[in-house]
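To start, the structure itself, in structure tokens.
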Amino acid sequence: MYFLWLLRNHGLPQELLRQFYTAVIESVLCSSITVWFGAATKKDKFRLQRTIKTAERIVGIPLPTLEELHAARTKTRACKILSDPPHPVHQLFDLLPSADIGRPDFKLEVSNNKKKTTLHVTDPLTALFKDDHQLNIRDIFLEKLHYKVTYRRNKSSGKKVFISKTSIIELTDLDQGESYCFNVQAFIPSRNVNKQLGELSQTQCSDDDKHSIFEVYSVGVIATAILLILVLIIITVVAIVCCRRKKTTLKTEKEGVPLQSV
């Protein structure tokens, strides 16, 4: 602590003072902190926290508390174990059986020949970090993670289910040119039955080849076609009426002509 005070008095910049504190004082405080912190008494923790407060006044900026240092080191240690499957206690680190798995997002991709539909699933994120990188459920569960795909033909109630071990899911048993709707959810068979499935994703539907007239033609073209049809109908009706009137007139004229004497 004396050397930190001495450096401050010689005008060392605040950032360098922070680095000196981290390298010299904080490193000593955090030595095996994941081991001794749980057994330390309240008095011991108070004395160590007072040391941090003194350093904080010298440096001039807020410093992590003893509890924050312990939490950070514990998370770092846990992430190292999670990323090291051969570690003896790797299997002990798992999401709690009661933990819910978030809703996955996915994108649809239909092949040019309409024979294959691919779902690109984004693995949901967790609350764990490693090297300032937020881990997803694939990083945690590895090969234990599956995805359950529920799909049906658009505007139909019949459903089918497909289980995939990867985040890229290919479906080839779909009717060509038909629209299908999909839902995806994480599926972990190794968990308890009531916690095997994660939250259901939003429904996404593929496009079909049966486009409506409004998708094929613009509003102007449709309006012009309707107008032409109406004109043709009017012309036809007028022609029929004129023909009937002409026939009626001819019939009346014939009836008005006197019979010639034989």
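Within each chain, counting starts at residue 1; across the structure tokens, chains are named A, B, ... in the order shown, with ligands numbered 1 upward in that order.
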Show me, as a tab-separated table, the residues of region 15-72 of chain A having an atom within 10 Å of region 77-84 of chain A, each with the closest atom pair and its distance in Å, using only C-alpha atoms.
residue	atom	partner	partner_atom	distance
A:Thr34	CA	A:Arg77	CA	8.5
A:Ala71	CA	A:Arg77	CA	9.9
A:Ala72	CA	A:Arg77	CA	8.7
Would you save the residues of that selection, restricted to N, CA, C and O atoms, as a PDB file, in the first residue's frame?
ATOM      1  N   THR A  34     -11.251 -18.449  -3.999  1.00  0.00           N
ATOM      2  CA  THR A  34     -12.361 -19.394  -4.150  1.00  0.00           C
ATOM      3  C   THR A  34     -12.320 -20.484  -3.086  1.00  0.00           C
ATOM      4  O   THR A  34     -13.319 -21.166  -2.861  1.00  0.00           O
ATOM      5  N   ALA A  71     -16.841 -13.332  -6.532  1.00  0.00           N
ATOM      6  CA  ALA A  71     -17.815 -13.769  -7.539  1.00  0.00           C
ATOM      7  C   ALA A  71     -17.167 -13.869  -8.918  1.00  0.00           C
ATOM      8  O   ALA A  71     -17.405 -14.831  -9.665  1.00  0.00           O
ATOM      9  N   ALA A  72     -16.345 -12.886  -9.267  1.00  0.00           N
ATOM     10  CA  ALA A  72     -15.692 -12.889 -10.581  1.00  0.00           C
ATOM     11  C   ALA A  72     -14.732 -14.064 -10.718  1.00  0.00           C
ATOM     12  O   ALA A  72     -14.714 -14.746 -11.752  1.00  0.00           O
TER      13      ALA A  72
END
Would you mind listing what lies within 10 Å of Phe129 (chain A) as a VMD selection string, with only C-alpha atoms counted and same-chain residues fewer than 3 positions away left out?
chain A and resid 75 to 76 78 to 79 125 to 126 132 to 136
Written selection (N, CA, C and O atoms) as a compact mmCIF listing (two decimals), in the first residue's frame:
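Writing the result to again15.txt gives the following:
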# COMPACT_ATOMS: atom_id res chain seq x y z
N LYS A 75 -16.71 -17.38 -11.05
CA LYS A 75 -17.27 -17.56 -12.39
C LYS A 75 -16.18 -17.95 -13.39
O LYS A 75 -16.39 -18.81 -14.25
N THR A 76 -15.02 -17.30 -13.26
CA THR A 76 -13.92 -17.61 -14.17
C THR A 76 -13.47 -19.06 -14.02
O THR A 76 -13.24 -19.78 -15.00
N ALA A 78 -15.26 -21.56 -12.80
CA ALA A 78 -16.33 -22.44 -13.27
C ALA A 78 -16.34 -22.55 -14.79
O ALA A 78 -16.52 -23.63 -15.35
N CYS A 79 -16.12 -21.43 -15.47
CA CYS A 79 -16.08 -21.45 -16.95
C CYS A 79 -14.92 -22.28 -17.46
O CYS A 79 -15.04 -22.97 -18.48
N LEU A 125 -28.67 -17.95 -25.54
CA LEU A 125 -27.57 -17.57 -24.66
C LEU A 125 -27.88 -17.92 -23.20
O LEU A 125 -29.04 -18.04 -22.81
N THR A 126 -26.82 -18.10 -22.41
CA THR A 126 -26.95 -18.35 -20.98
C THR A 126 -26.40 -17.16 -20.21
O THR A 126 -25.96 -16.18 -20.80
N ASP A 132 -14.89 -12.82 -21.43
CA ASP A 132 -15.77 -11.72 -21.85
C ASP A 132 -16.71 -12.12 -22.98
O ASP A 132 -17.26 -11.26 -23.68
N HIS A 133 -16.87 -13.42 -23.17
CA HIS A 133 -17.77 -13.93 -24.22
C HIS A 133 -18.91 -14.68 -23.57
O HIS A 133 -18.69 -15.58 -22.76
N GLN A 134 -20.15 -14.29 -23.90
CA GLN A 134 -21.32 -14.94 -23.31
C GLN A 134 -21.52 -16.31 -23.94
O GLN A 134 -21.57 -16.45 -25.16
N LEU A 135 -21.65 -17.32 -23.10
CA LEU A 135 -21.80 -18.69 -23.57
C LEU A 135 -23.25 -18.98 -23.92
O LEU A 135 -24.18 -18.45 -23.30
N ASN A 136 -23.44 -19.84 -24.93
CA ASN A 136 -24.78 -20.29 -25.27
C ASN A 136 -24.98 -21.72 -24.76
O ASN A 136 -24.06 -22.33 -24.21
Where in region 101-203 of chain A does DSSP assign strand (DSSP E), given as an MDAnalysis selection string? chainID A and resid 105:110 117:122 125:130 133:136 146:153 160:164 168:171 180:187
Could you produce a table of the residues of region 127-207 of chain A lying within 9 Å of region 103-113 of chain A, with the nearest pair of atoms per residue and their separation in Å rounded to one decimal, using only C-alpha atoms, ordered by chain and increasing residue number, as JSON lines?
{"residue": "A:Gln176", "atom": "CA", "partner": "A:Asn113", "partner_atom": "CA", "distance": 8.2}
{"residue": "A:Gly177", "atom": "CA", "partner": "A:Asn113", "partner_atom": "CA", "distance": 9.0}
{"residue": "A:Val184", "atom": "CA", "partner": "A:Pro104", "partner_atom": "CA", "distance": 7.0}
{"residue": "A:Gln185", "atom": "CA", "partner": "A:Pro104", "partner_atom": "CA", "distance": 6.4}
{"residue": "A:Ala186", "atom": "CA", "partner": "A:Pro104", "partner_atom": "CA", "distance": 7.4}
{"residue": "A:Gly198", "atom": "CA", "partner": "A:Arg103", "partner_atom": "CA", "distance": 6.7}
{"residue": "A:Glu199", "atom": "CA", "partner": "A:Arg103", "partner_atom": "CA", "distance": 4.7}
{"residue": "A:Leu200", "atom": "CA", "partner": "A:Arg103", "partner_atom": "CA", "distance": 5.7}
{"residue": "A:Ser201", "atom": "CA", "partner": "A:Arg103", "partner_atom": "CA", "distance": 5.2}
{"residue": "A:Gln202", "atom": "CA", "partner": "A:Asp105", "partner_atom": "CA", "distance": 7.7}
{"residue": "A:Gln204", "atom": "CA", "partner": "A:Leu108", "partner_atom": "CA", "distance": 7.8}
{"residue": "A:Cys205", "atom": "CA", "partner": "A:Leu108", "partner_atom": "CA", "distance": 8.2}
{"residue": "A:Ser206", "atom": "CA", "partner": "A:Leu108", "partner_atom": "CA", "distance": 7.2}
{"residue": "A:Asp207", "atom": "CA", "partner": "A:Val110", "partner_atom": "CA", "distance": 8.9}
- Task: Select from region 118-261 of chain A everything DSSP, run on the backbone, classes as alpha helix (DSSP H), then give the selection as a ChimeraX atom specification.
- Result: /A:137-141,213-216,219-256
Keeping only C-alpha atoms, write the selected residues to a file as a PDB file, in the first residue's frame.
ATOM      1  CA  ILE A 137     -26.464 -23.574 -24.390  1.00  0.00           C
ATOM      2  CA  ARG A 138     -24.368 -25.412 -27.017  1.00  0.00           C
ATOM      3  CA  ASP A 139     -21.231 -24.356 -25.143  1.00  0.00           C
ATOM      4  CA  ILE A 140     -22.725 -25.800 -21.943  1.00  0.00           C
ATOM      5  CA  PHE A 141     -24.480 -28.985 -23.037  1.00  0.00           C
ATOM      6  CA  ILE A 213     -53.716 -12.814 -58.274  1.00  0.00           C
ATOM      7  CA  PHE A 214     -52.776  -9.808 -56.142  1.00  0.00           C
ATOM      8  CA  GLU A 215     -49.197 -11.154 -55.787  1.00  0.00           C
ATOM      9  CA  VAL A 216     -48.812 -11.809 -59.520  1.00  0.00           C
ATOM     10  CA  VAL A 219     -53.486  -3.214 -58.623  1.00  0.00           C
ATOM     11  CA  GLY A 220     -53.506  -1.125 -61.822  1.00  0.00           C
ATOM     12  CA  VAL A 221     -53.479  -4.197 -64.063  1.00  0.00           C
ATOM     13  CA  ILE A 222     -56.254  -5.832 -62.064  1.00  0.00           C
ATOM     14  CA  ALA A 223     -58.372  -2.660 -62.167  1.00  0.00           C
ATOM     15  CA  THR A 224     -57.887  -2.348 -65.945  1.00  0.00           C
ATOM     16  CA  ALA A 225     -58.901  -5.979 -66.465  1.00  0.00           C
ATOM     17  CA  ILE A 226     -62.036  -5.526 -64.345  1.00  0.00           C
ATOM     18  CA  LEU A 227     -62.928  -2.363 -66.287  1.00  0.00           C
ATOM     19  CA  LEU A 228     -62.533  -4.162 -69.618  1.00  0.00           C
ATOM     20  CA  ILE A 229     -64.719  -7.016 -68.403  1.00  0.00           C
ATOM     21  CA  LEU A 230     -67.411  -4.554 -67.316  1.00  0.00           C
ATOM     22  CA  VAL A 231     -67.267  -2.791 -70.714  1.00  0.00           C
ATOM     23  CA  LEU A 232     -67.632  -6.143 -72.510  1.00  0.00           C
ATOM     24  CA  ILE A 233     -70.580  -7.070 -70.315  1.00  0.00           C
ATOM     25  CA  ILE A 234     -72.263  -3.711 -70.981  1.00  0.00           C
ATOM     26  CA  ILE A 235     -71.685  -4.012 -74.734  1.00  0.00           C
ATOM     27  CA  THR A 236     -73.090  -7.550 -74.718  1.00  0.00           C
ATOM     28  CA  VAL A 237     -76.168  -6.514 -72.725  1.00  0.00           C
ATOM     29  CA  VAL A 238     -76.791  -3.521 -75.015  1.00  0.00           C
ATOM     30  CA  ALA A 239     -76.419  -5.704 -78.114  1.00  0.00           C
ATOM     31  CA  ILE A 240     -78.872  -8.267 -76.731  1.00  0.00           C
ATOM     32  CA  VAL A 241     -81.405  -5.585 -75.824  1.00  0.00           C
ATOM     33  CA  CYS A 242     -81.102  -3.965 -79.270  1.00  0.00           C
ATOM     34  CA  CYS A 243     -81.597  -7.303 -80.997  1.00  0.00           C
ATOM     35  CA  ARG A 244     -84.692  -8.065 -78.949  1.00  0.00           C
ATOM     36  CA  ARG A 245     -86.162  -4.627 -79.678  1.00  0.00           C
ATOM     37  CA  LYS A 246     -85.479  -5.001 -83.390  1.00  0.00           C
ATOM     38  CA  LYS A 247     -87.185  -8.396 -83.456  1.00  0.00           C
ATOM     39  CA  THR A 248     -90.163  -6.980 -81.558  1.00  0.00           C
ATOM     40  CA  THR A 249     -90.439  -4.063 -84.020  1.00  0.00           C
ATOM     41  CA  LEU A 250     -90.322  -6.345 -87.067  1.00  0.00           C
ATOM     42  CA  LYS A 251     -92.955  -8.603 -85.543  1.00  0.00           C
ATOM     43  CA  THR A 252     -95.237  -5.655 -84.861  1.00  0.00           C
ATOM     44  CA  GLU A 253     -94.830  -4.321 -88.395  1.00  0.00           C
ATOM     45  CA  LYS A 254     -95.746  -7.708 -89.880  1.00  0.00           C
ATOM     46  CA  GLU A 255     -98.862  -7.916 -87.742  1.00  0.00           C
ATOM     47  CA  GLY A 256     -99.948  -4.406 -88.884  1.00  0.00           C
TER      48      GLY A 256
END
(Q) Which residues are close to Tyr147 (chain A), i.e. within 10 Å by only C-alpha atoms, leaving aside same-chain residues fewer than 2 positions away? Reply as a PyMOL selection string. (A) chain A and resi 104+121+123+145+149-150+162-169+184-188+197-198
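Candidate residues A:Thr117, A:Ser27, A:Ser190, A:Gln49 were compared for distance to Lys144 (chain A), and the nearest is A:Ser190, using only C-alpha atoms.
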